[in-house]
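Raw contents of my_file.txt, compact mmCIF, C-alpha atoms (C1' of nucleotides):
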# COMPACT_ATOMS: atom_id res chain seq x y z
CA MET A 23 -10.91 -4.04 -17.49
CA ASP A 24 -9.48 -6.92 -15.47
CA ASP A 25 -9.09 -5.77 -11.89
CA ASP A 26 -7.40 -8.96 -10.87
CA ALA A 27 -4.65 -8.68 -13.48
CA VAL A 28 -3.95 -5.09 -12.43
CA PHE A 29 -3.80 -5.88 -8.72
CA ARG A 30 -1.56 -8.87 -9.27
CA ALA A 31 0.68 -6.85 -11.56
CA LEU A 32 1.03 -4.12 -8.95
CA ALA A 33 1.71 -6.63 -6.17
CA ASP A 34 5.39 -6.92 -7.07
CA ALA A 35 7.85 -4.21 -6.05
CA SER A 36 10.05 -4.74 -9.12
CA ARG A 37 7.08 -4.13 -11.39
CA ARG A 38 6.08 -1.00 -9.49
CA GLN A 39 9.67 0.14 -9.90
CA LEU A 40 9.47 -0.45 -13.64
CA LEU A 41 6.31 1.67 -13.74
CA ASP A 42 8.20 4.36 -11.83
CA ARG A 43 10.99 4.29 -14.39
CA LEU A 44 8.56 4.58 -17.27
CA HIS A 45 6.82 7.37 -15.41
CA ARG A 46 10.07 9.26 -15.14
CA ARG A 47 10.90 8.63 -18.79
CA ASN A 48 8.39 7.13 -21.15
CA GLY A 49 9.21 5.05 -24.22
CA GLN A 50 12.29 3.23 -22.93
CA THR A 51 13.64 0.08 -24.51
CA LEU A 52 14.01 -3.22 -22.71
CA GLY A 53 17.74 -2.71 -22.45
CA GLU A 54 17.33 0.74 -20.94
CA LEU A 55 14.83 -0.56 -18.41
CA CYS A 56 17.32 -3.23 -17.39
CA GLU A 57 20.12 -0.81 -16.58
CA GLY A 58 21.06 -0.74 -12.92
CA LEU A 59 18.65 -3.50 -11.97
CA GLU A 60 19.94 -6.60 -10.24
CA MET A 61 18.06 -8.90 -12.52
CA THR A 62 18.64 -10.55 -15.85
CA ARG A 63 17.11 -9.07 -18.97
CA GLN A 64 14.82 -12.09 -19.19
CA ALA A 65 13.43 -11.47 -15.72
CA VAL A 66 12.70 -7.84 -16.60
CA ALA A 67 11.04 -8.96 -19.84
CA LYS A 68 8.76 -11.26 -17.84
CA HIS A 69 7.78 -8.42 -15.51
CA LEU A 70 7.03 -6.20 -18.49
CA ALA A 71 4.93 -8.96 -20.04
CA ILE A 72 2.84 -9.10 -16.87
CA LEU A 73 2.43 -5.32 -16.91
CA GLU A 74 1.41 -5.52 -20.56
CA GLU A 75 -1.10 -8.25 -19.80
CA ALA A 76 -2.64 -5.98 -17.16
CA ASN A 77 -2.71 -3.23 -19.77
CA LEU A 78 -0.55 -1.03 -17.59
CA VAL A 79 2.15 -0.85 -20.26
CA SER A 80 2.01 -0.93 -24.04
CA PHE A 81 4.89 -1.27 -26.47
CA LYS A 82 5.89 -0.51 -29.99
CA ARG A 83 8.50 -2.27 -32.07
CA GLN A 84 11.12 -0.05 -33.62
CA GLY A 85 13.56 -2.07 -35.63
CA ARG A 86 15.18 -4.50 -33.26
CA GLU A 87 14.19 -2.44 -30.26
CA LYS A 88 11.02 -2.55 -28.19
CA LEU A 89 9.81 0.76 -26.82
CA HIS A 90 7.65 0.64 -23.69
CA PHE A 91 4.95 3.13 -22.84
CA ILE A 92 3.03 3.51 -19.61
CA ASN A 93 -0.74 3.38 -19.84
CA PRO A 94 -2.16 5.63 -17.12
CA VAL A 95 -5.80 4.66 -17.59
CA PRO A 96 -6.26 1.40 -15.63
CA ILE A 97 -4.28 2.42 -12.57
CA ASN A 98 -6.20 5.65 -12.24
CA ALA A 99 -9.52 3.98 -12.94
CA ILE A 100 -9.02 1.39 -10.23
CA ALA A 101 -7.68 3.89 -7.72
CA GLU A 102 -10.62 6.22 -8.34
CA ARG A 103 -13.08 3.37 -8.07
CA TRP A 104 -11.63 2.10 -4.81
CA ILE A 105 -11.52 5.57 -3.34
CA SER A 106 -15.11 6.35 -4.22
CA LYS A 107 -16.17 2.92 -3.04
CA PHE A 108 -14.65 3.25 0.39
CA GLU A 109 -14.95 7.00 0.71
CA ARG A 110 -18.64 6.81 1.44
CA GLY A 111 -18.60 5.47 4.95
CA ARG A 112 -14.95 6.18 5.46
CA LEU A 113 -15.44 8.47 8.42
CA ARG A 114 -18.04 6.15 9.89
CA ALA A 115 -15.65 3.20 9.52
CA LEU A 116 -12.91 5.19 11.19
CA ALA A 117 -15.16 6.08 14.11
CA THR A 118 -16.31 2.47 14.45
CA LEU A 119 -12.75 1.24 14.38
CA LYS A 120 -11.64 3.74 16.99
CA LYS A 121 -14.46 2.85 19.34
CA ALA A 122 -13.82 -0.84 18.90
CA LEU A 123 -10.16 -0.43 19.70
CA GLU A 124 -11.09 1.59 22.75
CA GLY A 125 -13.19 -1.31 23.95
CA GLU A 126 -16.63 0.21 23.55
CA GLU A 127 -19.57 -0.70 21.40
CA PRO A 128 -20.06 1.44 18.28
CA MET B 14 2.99 2.65 6.10
CA ASP B 15 4.22 -0.39 4.25
CA ASP B 16 3.19 -0.07 0.64
CA ASP B 17 4.39 -3.51 -0.24
CA ALA B 18 2.27 -5.23 2.40
CA VAL B 19 -0.82 -3.35 1.22
CA PHE B 20 -0.26 -4.14 -2.45
CA ARG B 21 0.40 -7.80 -1.72
CA ALA B 22 -2.65 -7.97 0.52
CA LEU B 23 -4.84 -6.48 -2.19
CA ALA B 24 -3.42 -8.80 -4.86
CA ASP B 25 -5.70 -11.67 -3.88
CA ALA B 26 -9.33 -11.70 -4.96
CA SER B 27 -10.49 -13.53 -1.83
CA ARG B 28 -8.98 -10.85 0.34
CA ARG B 29 -10.58 -8.07 -1.70
CA GLN B 30 -13.86 -9.93 -1.27
CA LEU B 31 -13.35 -10.02 2.49
CA LEU B 32 -12.78 -6.27 2.45
CA ASP B 33 -16.01 -5.93 0.47
CA ARG B 34 -17.89 -7.92 3.07
CA LEU B 35 -16.50 -5.81 5.89
CA HIS B 36 -17.35 -2.72 3.91
CA ARG B 37 -20.94 -3.87 3.61
CA ARG B 38 -21.10 -4.75 7.30
CA ASN B 39 -18.33 -3.82 9.68
CA GLY B 40 -17.42 -5.70 12.84
CA GLN B 41 -18.13 -9.24 11.67
CA THR B 42 -16.75 -12.30 13.43
CA LEU B 43 -14.52 -14.85 11.75
CA GLY B 44 -17.42 -17.28 11.55
CA GLU B 45 -19.65 -14.71 9.88
CA LEU B 46 -16.96 -13.85 7.37
CA CYS B 47 -16.65 -17.55 6.50
CA GLU B 48 -20.33 -18.01 5.66
CA GLY B 49 -20.94 -18.82 2.02
CA LEU B 50 -17.25 -18.93 1.14
CA GLU B 51 -15.83 -22.06 -0.45
CA MET B 52 -12.89 -22.12 1.90
CA THR B 53 -12.13 -23.50 5.31
CA ARG B 54 -12.22 -21.25 8.34
CA GLN B 55 -8.45 -21.58 8.63
CA ALA B 56 -7.94 -20.29 5.11
CA VAL B 57 -10.13 -17.27 5.82
CA ALA B 58 -8.24 -16.67 9.06
CA LYS B 59 -4.97 -16.64 7.11
CA HIS B 60 -6.36 -14.09 4.67
CA LEU B 61 -7.54 -11.91 7.53
CA ALA B 62 -4.11 -12.17 9.15
CA ILE B 63 -2.55 -10.86 5.94
CA LEU B 64 -5.06 -8.00 5.82
CA GLU B 65 -4.28 -7.23 9.46
CA GLU B 66 -0.56 -7.26 8.76
CA ALA B 67 -1.14 -4.71 6.01
CA ASN B 68 -3.15 -2.68 8.50
CA LEU B 69 -6.22 -2.88 6.28
CA VAL B 70 -8.23 -4.64 8.99
CA SER B 71 -8.14 -4.45 12.77
CA PHE B 72 -9.88 -6.69 15.26
CA LYS B 73 -11.18 -6.76 18.77
CA ARG B 74 -11.67 -9.79 20.97
CA GLN B 75 -15.14 -10.15 22.45
CA GLY B 76 -15.34 -13.24 24.62
CA ARG B 77 -14.55 -16.15 22.37
CA GLU B 78 -15.39 -14.16 19.26
CA LYS B 79 -13.12 -11.99 17.15
CA LEU B 80 -14.70 -8.92 15.62
CA HIS B 81 -13.11 -7.53 12.46
CA PHE B 82 -13.11 -3.89 11.46
CA ILE B 83 -12.02 -2.37 8.20
CA ASN B 84 -9.39 0.34 8.34
CA PRO B 85 -10.04 2.78 5.49
CA VAL B 86 -6.86 4.81 5.93
CA PRO B 87 -4.12 2.88 4.10
CA ILE B 88 -6.14 1.97 1.05
CA ASN B 89 -7.19 5.56 0.53
CA ALA B 90 -3.73 6.87 1.23
CA ILE B 91 -2.12 4.63 -1.36
CA ALA B 92 -4.83 5.23 -3.94
CA GLU B 93 -4.55 8.98 -3.46
CA ARG B 94 -0.79 8.85 -3.67
CA TRP B 95 -0.78 6.79 -6.85
CA ILE B 96 -3.36 8.97 -8.46
CA SER B 97 -1.53 12.18 -7.69
CA LYS B 98 1.72 10.58 -8.74
CA PHE B 99 0.50 9.51 -12.13
CA GLU B 100 -2.07 12.23 -12.64
CA ARG B 101 0.56 14.81 -13.39
CA GLY B 102 1.61 13.79 -16.84
CA ARG B 103 -1.36 11.53 -17.35
CA LEU B 104 -2.65 13.35 -20.41
CA ARG B 105 0.85 13.63 -21.79
CA ALA B 106 1.43 9.91 -21.28
CA LEU B 107 -1.85 9.16 -22.98
CA ALA B 108 -0.93 11.29 -25.96
CA THR B 109 2.52 9.72 -26.16
CA LEU B 110 1.01 6.26 -25.99
CA LYS B 111 -1.52 7.03 -28.68
CA LYS B 112 1.08 8.43 -31.03
CA ALA B 113 3.37 5.47 -30.43
CA LEU B 114 0.61 3.03 -31.18
CA GLU B 115 -0.18 4.97 -34.34
CA GLY B 116 3.40 4.52 -35.43
CA GLU B 117 4.62 8.10 -35.12
CA GLU B 118 7.19 9.71 -32.94
CA PRO B 119 5.86 11.70 -29.96
C1' DC C 9 -19.39 -30.43 35.33
C1' DT C 10 -20.05 -31.40 30.75
C1' DT C 11 -20.41 -30.28 26.25
C1' DA C 12 -20.88 -27.45 22.24
C1' DT C 13 -18.95 -23.40 20.05
C1' DA C 14 -15.36 -19.91 18.32
C1' DG C 15 -11.11 -19.60 17.31
C1' DG C 16 -5.68 -20.71 17.31
C1' DG C 17 -1.63 -23.40 15.55
C1' DA C 18 1.17 -26.46 12.96
C1' DA C 19 2.27 -29.83 9.48
C1' DC C 20 1.74 -30.69 5.00
C1' DC C 21 0.66 -30.47 -0.16
C1' DT C 22 0.57 -28.41 -4.78
C1' DA C 23 0.61 -24.66 -8.02
C1' DT C 24 2.48 -20.54 -9.06
C1' DC C 25 6.14 -16.90 -8.92
C1' DG C 26 10.34 -14.79 -9.52
C1' DG C 27 14.40 -15.82 -11.20
C1' DT C 28 18.17 -18.20 -13.70
C1' DT C 29 20.92 -20.45 -17.70
C1' DA C 30 21.22 -21.73 -22.43
C1' DC C 31 20.08 -21.16 -26.96
C1' DA C 32 17.49 -19.04 -31.08
C1' DT C 33 15.95 -15.16 -33.94
C1' DG C 34 15.97 -10.88 -36.12
C1' DT C 35 18.11 -6.47 -37.38
C1' DC C 36 21.63 -3.01 -37.93
C1' DA C 37 26.41 -1.71 -39.34
C1' DA C 38 31.00 -2.28 -41.34
C1' DT D 2 28.31 -10.86 -45.86
C1' DT D 3 29.69 -11.06 -41.44
C1' DG D 4 29.45 -9.98 -36.96
C1' DA D 5 27.61 -7.43 -33.08
C1' DC D 6 23.54 -6.13 -30.77
C1' DA D 7 18.45 -6.25 -29.05
C1' DT D 8 15.18 -9.23 -28.04
C1' DG D 9 12.50 -13.89 -27.91
C1' DT D 10 11.87 -18.76 -26.24
C1' DA D 11 12.22 -22.56 -23.26
C1' DA D 12 13.66 -25.59 -19.64
C1' DC D 13 14.51 -25.60 -15.17
C1' DC D 14 14.81 -24.37 -9.97
C1' DG D 15 13.94 -22.82 -5.19
C1' DA D 16 10.76 -20.18 -2.52
C1' DT D 17 6.44 -18.81 -1.42
C1' DA D 18 1.18 -18.57 -1.59
C1' DG D 19 -3.08 -20.57 -0.98
C1' DG D 20 -5.26 -24.18 0.73
C1' DT D 21 -6.23 -28.44 3.46
C1' DT D 22 -6.30 -31.68 7.60
C1' DC D 23 -5.66 -32.67 12.31
C1' DC D 24 -5.43 -31.28 16.88
C1' DC D 25 -5.45 -27.85 20.77
C1' DT D 26 -7.34 -23.98 23.79
C1' DA D 27 -10.73 -21.04 25.70
C1' DT D 28 -15.26 -19.43 26.48
C1' DA D 29 -20.24 -19.95 26.70
C1' DA D 30 -24.46 -22.75 27.55
C1' DG D 31 -27.01 -26.75 29.56

Spell out the structure here as structure tokens.
Amino acid sequence: MDDDAVFRALADASRRQLLDRLHRRNGQTLGELCEGLEMTRQAVAKHLAILEEANLVSFKRQGREKLHFINPVPINAIAERWISKFERGRLRALATLKKALEGEEP
Amino acid sequence: MDDDAVFRALADASRRQLLDRLHRRNGQTLGELCEGLEMTRQAVAKHLAILEEANLVSFKRQGREKLHFINPVPINAIAERWISKFERGRLRALATLKKALEGEEP
DNA sequence: CTTATAGGGAACCTATCGGTTACATGTCAA
DNA sequence: TTGACATGTAACCGATAGGTTCCCTATAAG
């Protein structure tokens, strides 16, 4: 799994919004995902392409329509990994930070 | 907490690497954080400024040195939030995705 | 006091990003 | 078959991101 692609994909608010929309209703077409957004269809398609490249979204052709599906695996995997990575030592880091900001040595 | 700032801060691999370094050893100076990186000190300082703006890193002046401390709160908060947000419905989304990719209707 | 060290600040450069407009393709429906 | 509809492709554009260079300030060390 490509961490970098996922982080870059999530860095844009419009793309996170698209994920939200798919989360609320999965399997939407490009046209549906465009509704109410202040962006051209082409811009939305580019965002979806980036989400697809990060494997956060998959799609399926259905006639002339393109149905988009959220892929919950990478986002959860990365979040879990980062949590477990920083969780060990989290309290210690917090204490260190607090002491430092108070002007003492940890 | 500003989600957008955190996501944008995490989008860059160099900044994630800086967080890693601080995670391995907290309280490092700017100079220490520069060691071994193929970047100028100014570039590293810019990255740290972005991490500070996202509240992922705090610092403390000590004489002419600047000590950097990781702040574990926002990263965990966002990760937890995204996990809980997508966790409900995760299995359903996975099943939907699988069926779609197999060419059937969910 | 002088000098080396740690960091700050600003101008500048280039690649990439987010977005647009214009046009092409493919598919459904009458 | 003809036209409307859903999407794809490509050229282009302004803003921003990441990085550099050059110079300045402040603290420590001799």

**Asked** What's the 10 Å shell around stretch 99-116 of chain A, counting only C-alpha atoms (C1' of nucleotides), without same-chain residues fewer than 2 positions away, as JSON, numbers by chain?
**Response** {"A": [23, 24, 25, 28, 29, 94, 95, 96, 97, 118, 119, 120, 121, 122, 128], "B": [32, 33, 35, 36, 37, 38, 39, 40, 82, 83, 84, 85, 86, 88, 89, 90, 91, 92, 93, 94, 95, 96]}

Filtering to C-alpha atoms, could you give me those residues as a PDB file, in the frame of the given file?
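Below you can see selection-v1.pdb, which holds the result:
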ATOM      1  CA  MET A  23     -10.910  -4.040 -17.490  1.00  0.00           C
ATOM      2  CA  ASP A  24      -9.480  -6.920 -15.470  1.00  0.00           C
ATOM      3  CA  ASP A  25      -9.090  -5.770 -11.890  1.00  0.00           C
ATOM      4  CA  VAL A  28      -3.950  -5.090 -12.430  1.00  0.00           C
ATOM      5  CA  PHE A  29      -3.800  -5.880  -8.720  1.00  0.00           C
ATOM      6  CA  PRO A  94      -2.160   5.630 -17.120  1.00  0.00           C
ATOM      7  CA  VAL A  95      -5.800   4.660 -17.590  1.00  0.00           C
ATOM      8  CA  PRO A  96      -6.260   1.400 -15.630  1.00  0.00           C
ATOM      9  CA  ILE A  97      -4.280   2.420 -12.570  1.00  0.00           C
ATOM     10  CA  THR A 118     -16.310   2.470  14.450  1.00  0.00           C
ATOM     11  CA  LEU A 119     -12.750   1.240  14.380  1.00  0.00           C
ATOM     12  CA  LYS A 120     -11.640   3.740  16.990  1.00  0.00           C
ATOM     13  CA  LYS A 121     -14.460   2.850  19.340  1.00  0.00           C
ATOM     14  CA  ALA A 122     -13.820  -0.840  18.900  1.00  0.00           C
ATOM     15  CA  PRO A 128     -20.060   1.440  18.280  1.00  0.00           C
TER      16      PRO A 128
ATOM     17  CA  LEU B  32     -12.780  -6.270   2.450  1.00  0.00           C
ATOM     18  CA  ASP B  33     -16.010  -5.930   0.470  1.00  0.00           C
ATOM     19  CA  LEU B  35     -16.500  -5.810   5.890  1.00  0.00           C
ATOM     20  CA  HIS B  36     -17.350  -2.720   3.910  1.00  0.00           C
ATOM     21  CA  ARG B  37     -20.940  -3.870   3.610  1.00  0.00           C
ATOM     22  CA  ARG B  38     -21.100  -4.750   7.300  1.00  0.00           C
ATOM     23  CA  ASN B  39     -18.330  -3.820   9.680  1.00  0.00           C
ATOM     24  CA  GLY B  40     -17.420  -5.700  12.840  1.00  0.00           C
ATOM     25  CA  PHE B  82     -13.110  -3.890  11.460  1.00  0.00           C
ATOM     26  CA  ILE B  83     -12.020  -2.370   8.200  1.00  0.00           C
ATOM     27  CA  ASN B  84      -9.390   0.340   8.340  1.00  0.00           C
ATOM     28  CA  PRO B  85     -10.040   2.780   5.490  1.00  0.00           C
ATOM     29  CA  VAL B  86      -6.860   4.810   5.930  1.00  0.00           C
ATOM     30  CA  ILE B  88      -6.140   1.970   1.050  1.00  0.00           C
ATOM     31  CA  ASN B  89      -7.190   5.560   0.530  1.00  0.00           C
ATOM     32  CA  ALA B  90      -3.730   6.870   1.230  1.00  0.00           C
ATOM     33  CA  ILE B  91      -2.120   4.630  -1.360  1.00  0.00           C
ATOM     34  CA  ALA B  92      -4.830   5.230  -3.940  1.00  0.00           C
ATOM     35  CA  GLU B  93      -4.550   8.980  -3.460  1.00  0.00           C
ATOM     36  CA  ARG B  94      -0.790   8.850  -3.670  1.00  0.00           C
ATOM     37  CA  TRP B  95      -0.780   6.790  -6.850  1.00  0.00           C
ATOM     38  CA  ILE B  96      -3.360   8.970  -8.460  1.00  0.00           C
TER      39      ILE B  96
END

Would you mind listing, for every residue of chain B within 9 Å of chain C, the two atoms forming the shortest contact and the distance between them in Å to one decimal, using all atoms listed in the file, sorted by chain and ascending residue number, as CSV?
residue,atom,partner,partner_atom,distance
B:Leu43,CA,C:DG15,C1',8.1
B:Gly44,CA,C:DA14,C1',7.5
B:Arg77,CA,C:DA14,C1',5.6
B:Glu78,CA,C:DA14,C1',5.8
B:Lys79,CA,C:DG15,C1',7.9

**Request:** With a distance threshold of 12 Å and counting only C-alpha atoms (C1' of nucleotides), extract the residues of chain B near chain D and express them as a PyMOL selection string.
**Result:** chain B and resi 21-22+24-28+51-60+63+74-78

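The coordinates place atom CA of A:Ala71 at 27.1 Å from atom CA of B:Ala67.
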
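Atom pair atom CA of A:Glu75 / atom CA of A:Glu54: separated by 20.5 Å.
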
**Prompt:** Quick one, how far is atom CA of B:Asn68 from atom CA of A:Asp26?
**Reply:** 20.8 Å

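In terms of minimum interatomic distance to chain B, A:Lys82 ranks closest within A:Lys82, A:Ala117, A:Thr51, A:Leu40, counting all atoms listed in the file.
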